[in-house]
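Undergrad: Please read through the structure below; I'll follow up with questions.
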Amino acid sequence: MKVLVPVKRVVDYNVKVRVKSDGTGVDIANVKMSMNPFDEIAVEEAVRLKEKGVVTEVIAVSCGDAKSQETLRTAMAIGADRGILVETSEELQPLAVAKLLKALVDKEQPQLVILGKQAIDDDANQTGQMLAALADLPQATFASKVEVAGDKATVTREVDGGLETVALTLPAVITTDLRLNEPRYVTLPNIMKAKKKQLDTVKPEDLGVDVKPRLKTLKVAEPPKRGAGIKVPDVATLVDKLKNEAKVI
Ligand code: AMP
């Protein structure tokens with residue numbers, strides 16, 4: 001059984017991003033980039049399924065410029081068997097990525113596609129859902145537990161106020177939530193091994209996909225700055241301020 005794992009190169013989650021002075025976006029020049037954390041969880045899950053003997057091949061795929069090769073090498077160091085880079089310098093929106101992934105699903109015929117539930121840069125939470133629709137596959141989003149047996153997957157999902165368990169017939173699309181697993185540390189020997197693994201590059205045109213953006217970002221703004229705090233002399237003043245100024249009690 002093949003598993004396809006889409007991995008996105010994003011600004012590292014520890015970086016405090018700055019909005020460009022002209023408000024057109026976020027400044028990512030000279031900023032540390034890493035694999036989207038939810039995608040690391042997706043790779044880890046696919047590799048664990050391989051280690052259990054359920055899966056035979058884990059294919060990582062990244063869509064973006066040539067630097068996304070680094071992200072694919074990280075996926076291969078975690079344990080993916082090979083990588084596919086869909087190389088383009090165009091800005092990619094979730095619909096374009098979903099179409100590229102649909103073309104790769106047609107080509108590779110995986111039984112499972114495991115994506116992150118959302119990319120921490122655009123916070124879209126759309127790609128997995130759009131892929132499932134385009135490929136006409138069942139989907140289970142926000143997975144906190146995945147079990148695969150035969151041609152069925154049982155997925156526990158984190159929903160408001162509890163957990164929902166659903167059964168899917170493969171092939172299917174799953175998106176990962178934070179508590180699905182804790183990705184392993186990538187070791188130096190595995191980084192070295194990953195350098196020798198197969199990495200193919202294709203262009204969106206090769207897959208017959210038009211990736212032109214369908215949305216235009218009008219403005220990006222910093223969140224409002226937090227005002228300075230004050231000291232209150234006693235509890236009565238605090239309660240009074242919470243009631244009459246902040247109006248939170
Ligand atoms: P989003 O819909 O943008 O929040 O992204 C959800 C998931 O789709 C991510 O966690 C990735 O698994 C996948 N994805 C989004 N963009 C890309 C990309 N450029 N390359 C590979 N996978 C992506």
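Ligands are numbered from 1 in the order shown, chains are lettered A, B, ... in the order of the structure tokens, and residues start at 1 in each chain.
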Please identify the residues whose atoms come within 7 Å of ligand 1, using only C-alpha atoms and all ligand atoms, and report them as an NGL selection string.
TA: :A and (5-8 or 36 or 38-39 or 61-64 or 92 or 94 or 97 or 115-120 or 122-128)
Undergrad: Any chance you could tabulate, as a Markdown table, the residues of range 27-76 of chain A at most 9 Å from range 160-182 of chain A with each one's nearest atom pair and distance in Å to one decimal, using only C-alpha atoms, in chain and rising number order?
TA:
```
| residue | atom | partner | partner_atom | distance |
| --- | --- | --- | --- | --- |
| A:Pro37 | CA | A:Leu178 | CA | 8.5 |
| A:Phe38 | CA | A:Thr176 | CA | 6.2 |
| A:Asp39 | CA | A:Thr176 | CA | 7.7 |
| A:Glu40 | CA | A:Glu182 | CA | 8.9 |
| A:Ile41 | CA | A:Asn181 | CA | 6.2 |
| A:Ala42 | CA | A:Thr176 | CA | 6.1 |
| A:Glu44 | CA | A:Asn181 | CA | 7.4 |
| A:Glu45 | CA | A:Asn181 | CA | 7.1 |
```
Undergrad: Print the selection's residues with N, CA, C and O atoms to a file, as a CSV table (one decimal), in the first residue's frame.
TA:
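The resulting file, out-v2.csv, is shown below:
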```csv
chain,number,residue,atom,x,y,z
A,37,PRO,N,4.5,22.0,10.8
A,37,PRO,CA,4.5,21.0,11.9
A,37,PRO,C,3.4,19.9,11.7
A,37,PRO,O,3.7,18.7,12.1
A,38,PHE,N,2.3,20.2,11.2
A,38,PHE,CA,1.2,19.2,11.0
A,38,PHE,C,1.6,18.2,9.9
A,38,PHE,O,1.2,17.0,10.0
A,39,ASP,N,2.5,18.6,9.0
A,39,ASP,CA,3.0,17.7,8.0
A,39,ASP,C,4.0,16.7,8.5
A,39,ASP,O,4.1,15.6,8.1
A,40,GLU,N,4.8,17.2,9.5
A,40,GLU,CA,5.8,16.3,10.2
A,40,GLU,C,5.0,15.2,10.9
A,40,GLU,O,5.4,14.0,10.8
A,41,ILE,N,3.9,15.5,11.5
A,41,ILE,CA,3.0,14.5,12.1
A,41,ILE,C,2.5,13.6,11.1
A,41,ILE,O,2.4,12.3,11.3
A,42,ALA,N,2.1,14.1,9.9
A,42,ALA,CA,1.6,13.2,8.8
A,42,ALA,C,2.7,12.2,8.3
A,42,ALA,O,2.4,11.1,8.1
A,44,GLU,N,5.3,11.2,10.1
A,44,GLU,CA,5.5,10.3,11.2
A,44,GLU,C,4.5,9.2,11.2
A,44,GLU,O,4.8,8.0,11.3
A,45,GLU,N,3.2,9.6,10.9
A,45,GLU,CA,2.1,8.6,11.0
A,45,GLU,C,2.3,7.6,9.8
A,45,GLU,O,2.1,6.4,10.0
```
Undergrad: Can you tell me, as a ChimeraX atom specification, which residues in range 48-223 of chain A count as helix (DSSP H, G or I) by DSSP?
TA: /A:48-51,68-78,94-108,127-135,178-180,188-195,204-207
Undergrad: So that I can see what lies close to Val220 in chain A, please list as a PDB file with N, CA, C and O atoms, in the first residue's frame the residues with an atom at most 10 Å from it, counting only C-alpha atoms and leaving out residues fewer than 5 positions away in the same chain.
TA:
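Below is the file that was written, selection-v1.pdb:
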```
ATOM      1  N   VAL A  19       5.189  41.920   9.396  1.00  0.00           N
ATOM      2  CA  VAL A  19       4.436  42.301   8.201  1.00  0.00           C
ATOM      3  C   VAL A  19       5.279  43.321   7.423  1.00  0.00           C
ATOM      4  O   VAL A  19       5.909  44.196   8.014  1.00  0.00           O
ATOM      5  N   LYS A  20       5.305  43.173   6.090  1.00  0.00           N
ATOM      6  CA  LYS A  20       6.067  44.115   5.251  1.00  0.00           C
ATOM      7  C   LYS A  20       5.481  45.519   5.401  1.00  0.00           C
ATOM      8  O   LYS A  20       4.256  45.662   5.580  1.00  0.00           O
ATOM      9  N   SER A  21       6.335  46.521   5.287  1.00  0.00           N
ATOM     10  CA  SER A  21       5.871  47.897   5.552  1.00  0.00           C
ATOM     11  C   SER A  21       4.762  48.328   4.586  1.00  0.00           C
ATOM     12  O   SER A  21       3.904  49.133   4.935  1.00  0.00           O
ATOM     13  N   ASP A  22       4.721  47.742   3.375  1.00  0.00           N
ATOM     14  CA  ASP A  22       3.660  48.138   2.437  1.00  0.00           C
ATOM     15  C   ASP A  22       2.375  47.313   2.615  1.00  0.00           C
ATOM     16  O   ASP A  22       1.412  47.471   1.857  1.00  0.00           O
ATOM     17  N   GLY A  23       2.364  46.415   3.639  1.00  0.00           N
ATOM     18  CA  GLY A  23       1.145  45.655   3.949  1.00  0.00           C
ATOM     19  C   GLY A  23       0.761  44.617   2.903  1.00  0.00           C
ATOM     20  O   GLY A  23      -0.371  44.123   2.887  1.00  0.00           O
ATOM     21  N   THR A  24       1.730  44.226   2.049  1.00  0.00           N
ATOM     22  CA  THR A  24       1.366  43.265   0.997  1.00  0.00           C
ATOM     23  C   THR A  24       1.547  41.813   1.451  1.00  0.00           C
ATOM     24  O   THR A  24       1.136  40.891   0.750  1.00  0.00           O
ATOM     25  N   GLY A  25       2.201  41.612   2.581  1.00  0.00           N
ATOM     26  CA  GLY A  25       2.400  40.241   3.038  1.00  0.00           C
ATOM     27  C   GLY A  25       3.374  40.215   4.202  1.00  0.00           C
ATOM     28  O   GLY A  25       3.635  41.250   4.834  1.00  0.00           O
ATOM     29  N   VAL A  26       3.933  39.024   4.456  1.00  0.00           N
ATOM     30  CA  VAL A  26       4.846  38.843   5.576  1.00  0.00           C
ATOM     31  C   VAL A  26       6.265  38.751   5.018  1.00  0.00           C
ATOM     32  O   VAL A  26       6.475  38.159   3.957  1.00  0.00           O
TER      33      VAL A  26
END
```
Undergrad: Could you please write out, as a PyMOL selection string, every residue of range 107-148 of chain A that DSSP assigns to strand (DSSP E or B)?
TA: chain A and resi 112-116+139-148
Undergrad: Could those residues be written to a file, using N, CA and C atoms, as an mmCIF file, in the first residue's frame?
TA:
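This went into selection-v3.cif:
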```
data_model
loop_
_atom_site.group_PDB
_atom_site.id
_atom_site.type_symbol
_atom_site.label_atom_id
_atom_site.label_comp_id
_atom_site.auth_asym_id
_atom_site.auth_seq_id
_atom_site.Cartn_x
_atom_site.Cartn_y
_atom_site.Cartn_z
ATOM 1 N N LEU A 112 -3.770 5.906 0.524
ATOM 2 C CA LEU A 112 -3.998 6.932 1.548
ATOM 3 C C LEU A 112 -3.228 8.192 1.199
ATOM 4 N N VAL A 113 -3.856 9.336 1.440
ATOM 5 C CA VAL A 113 -3.112 10.595 1.395
ATOM 6 C C VAL A 113 -3.246 11.186 2.788
ATOM 7 N N ILE A 114 -2.114 11.444 3.447
ATOM 8 C CA ILE A 114 -2.168 12.032 4.788
ATOM 9 C C ILE A 114 -1.553 13.431 4.721
ATOM 10 N N LEU A 115 -2.398 14.443 4.941
ATOM 11 C CA LEU A 115 -1.934 15.832 4.909
ATOM 12 C C LEU A 115 -1.985 16.404 6.320
ATOM 13 N N GLY A 116 -1.361 17.562 6.488
ATOM 14 C CA GLY A 116 -1.558 18.311 7.718
ATOM 15 C C GLY A 116 -2.949 18.927 7.682
ATOM 16 N N GLN A 139 -13.052 11.428 3.198
ATOM 17 C CA GLN A 139 -12.045 12.141 3.985
ATOM 18 C C GLN A 139 -12.368 12.115 5.467
ATOM 19 N N ALA A 140 -11.284 12.099 6.278
ATOM 20 C CA ALA A 140 -11.424 12.253 7.731
ATOM 21 C C ALA A 140 -10.433 13.326 8.135
ATOM 22 N N THR A 141 -10.967 14.463 8.584
ATOM 23 C CA THR A 141 -10.087 15.578 8.940
ATOM 24 C C THR A 141 -9.815 15.591 10.445
ATOM 25 N N PHE A 142 -8.750 16.289 10.844
ATOM 26 C CA PHE A 142 -8.381 16.479 12.259
ATOM 27 C C PHE A 142 -8.235 15.140 12.994
ATOM 28 N N ALA A 143 -7.448 14.247 12.426
ATOM 29 C CA ALA A 143 -7.317 12.909 13.014
ATOM 30 C C ALA A 143 -6.437 12.930 14.256
ATOM 31 N N SER A 144 -6.914 12.282 15.340
ATOM 32 C CA SER A 144 -6.052 12.135 16.514
ATOM 33 C C SER A 144 -5.676 10.662 16.719
ATOM 34 N N LYS A 145 -6.275 9.768 15.911
ATOM 35 C CA LYS A 145 -5.885 8.354 15.932
ATOM 36 C C LYS A 145 -6.247 7.737 14.586
ATOM 37 N N VAL A 146 -5.328 6.957 14.033
ATOM 38 C CA VAL A 146 -5.586 6.327 12.732
ATOM 39 C C VAL A 146 -5.264 4.837 12.836
ATOM 40 N N GLU A 147 -6.219 4.012 12.434
ATOM 41 C CA GLU A 147 -5.952 2.576 12.375
ATOM 42 C C GLU A 147 -6.328 2.090 10.983
ATOM 43 N N VAL A 148 -5.435 1.307 10.379
ATOM 44 C CA VAL A 148 -5.710 0.811 9.026
ATOM 45 C C VAL A 148 -5.701 -0.710 9.057
#
```
Undergrad: Calculated over only C-alpha atoms, which of the candidates A:Leu199, A:Leu4, A:Met35, A:Leu188 has the smallest distance to Leu104 in chain A?
TA: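 Residue with the minimum atom-to-atom distance to Leu104 in chain A: A:Leu4.
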Undergrad: If I take CA of Ser68 in chain A and CA of Glu87 in chain A, how far is one from the other in Å, to one decimal?
TA: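 According to the coordinates, CA of Ser68 in chain A and CA of Glu87 in chain A are separated by 8.3 Å.
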Undergrad: List the neighbours of range 81-86 of chain A out to 7 Å using only C-alpha atoms; skip same-chain residues closer than 3 positions along the sequence, and give me the result as a list of chain:residue names.
TA: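 Near range 81-86 of chain A, the qualifying residues are A:Glu57, A:Val58, A:Ile59, A:Ala60, A:Val61, A:Ser62, A:Cys63, A:Gly64, A:Gln69, A:Leu72, A:Met76, A:Lys197, A:Gln198, A:Leu199, A:Asp200, A:Thr201, A:Val202, A:Lys203, A:Pro204.
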Undergrad: Kindly indicate which residue among A:Asp27, A:Glu91, A:Asp65, A:Glu108 lies nearest to Met1 in chain A, using only C-alpha atoms for the distances.
TA: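 So, comparing all the options, the nearest one is A:Glu108.
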Undergrad: Kindly indicate which residue among A:Val54, A:Leu242, A:Val186, A:Ala132 lies nearest to Gly150 in chain A, using only C-alpha atoms for the distances.
TA: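 Among the listed residues, the smallest separation from Gly150 in chain A belongs to A:Val54.
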Undergrad: Hey, which of A:Lys102, A:Ile191, A:Val3, A:Asp210 ends up closest to Thr56 in chain A? Count only C-alpha atoms.
TA: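 Of A:Lys102, A:Ile191, A:Val3, A:Asp210, the one nearest Thr56 in chain A is A:Val3, counting only C-alpha atoms.
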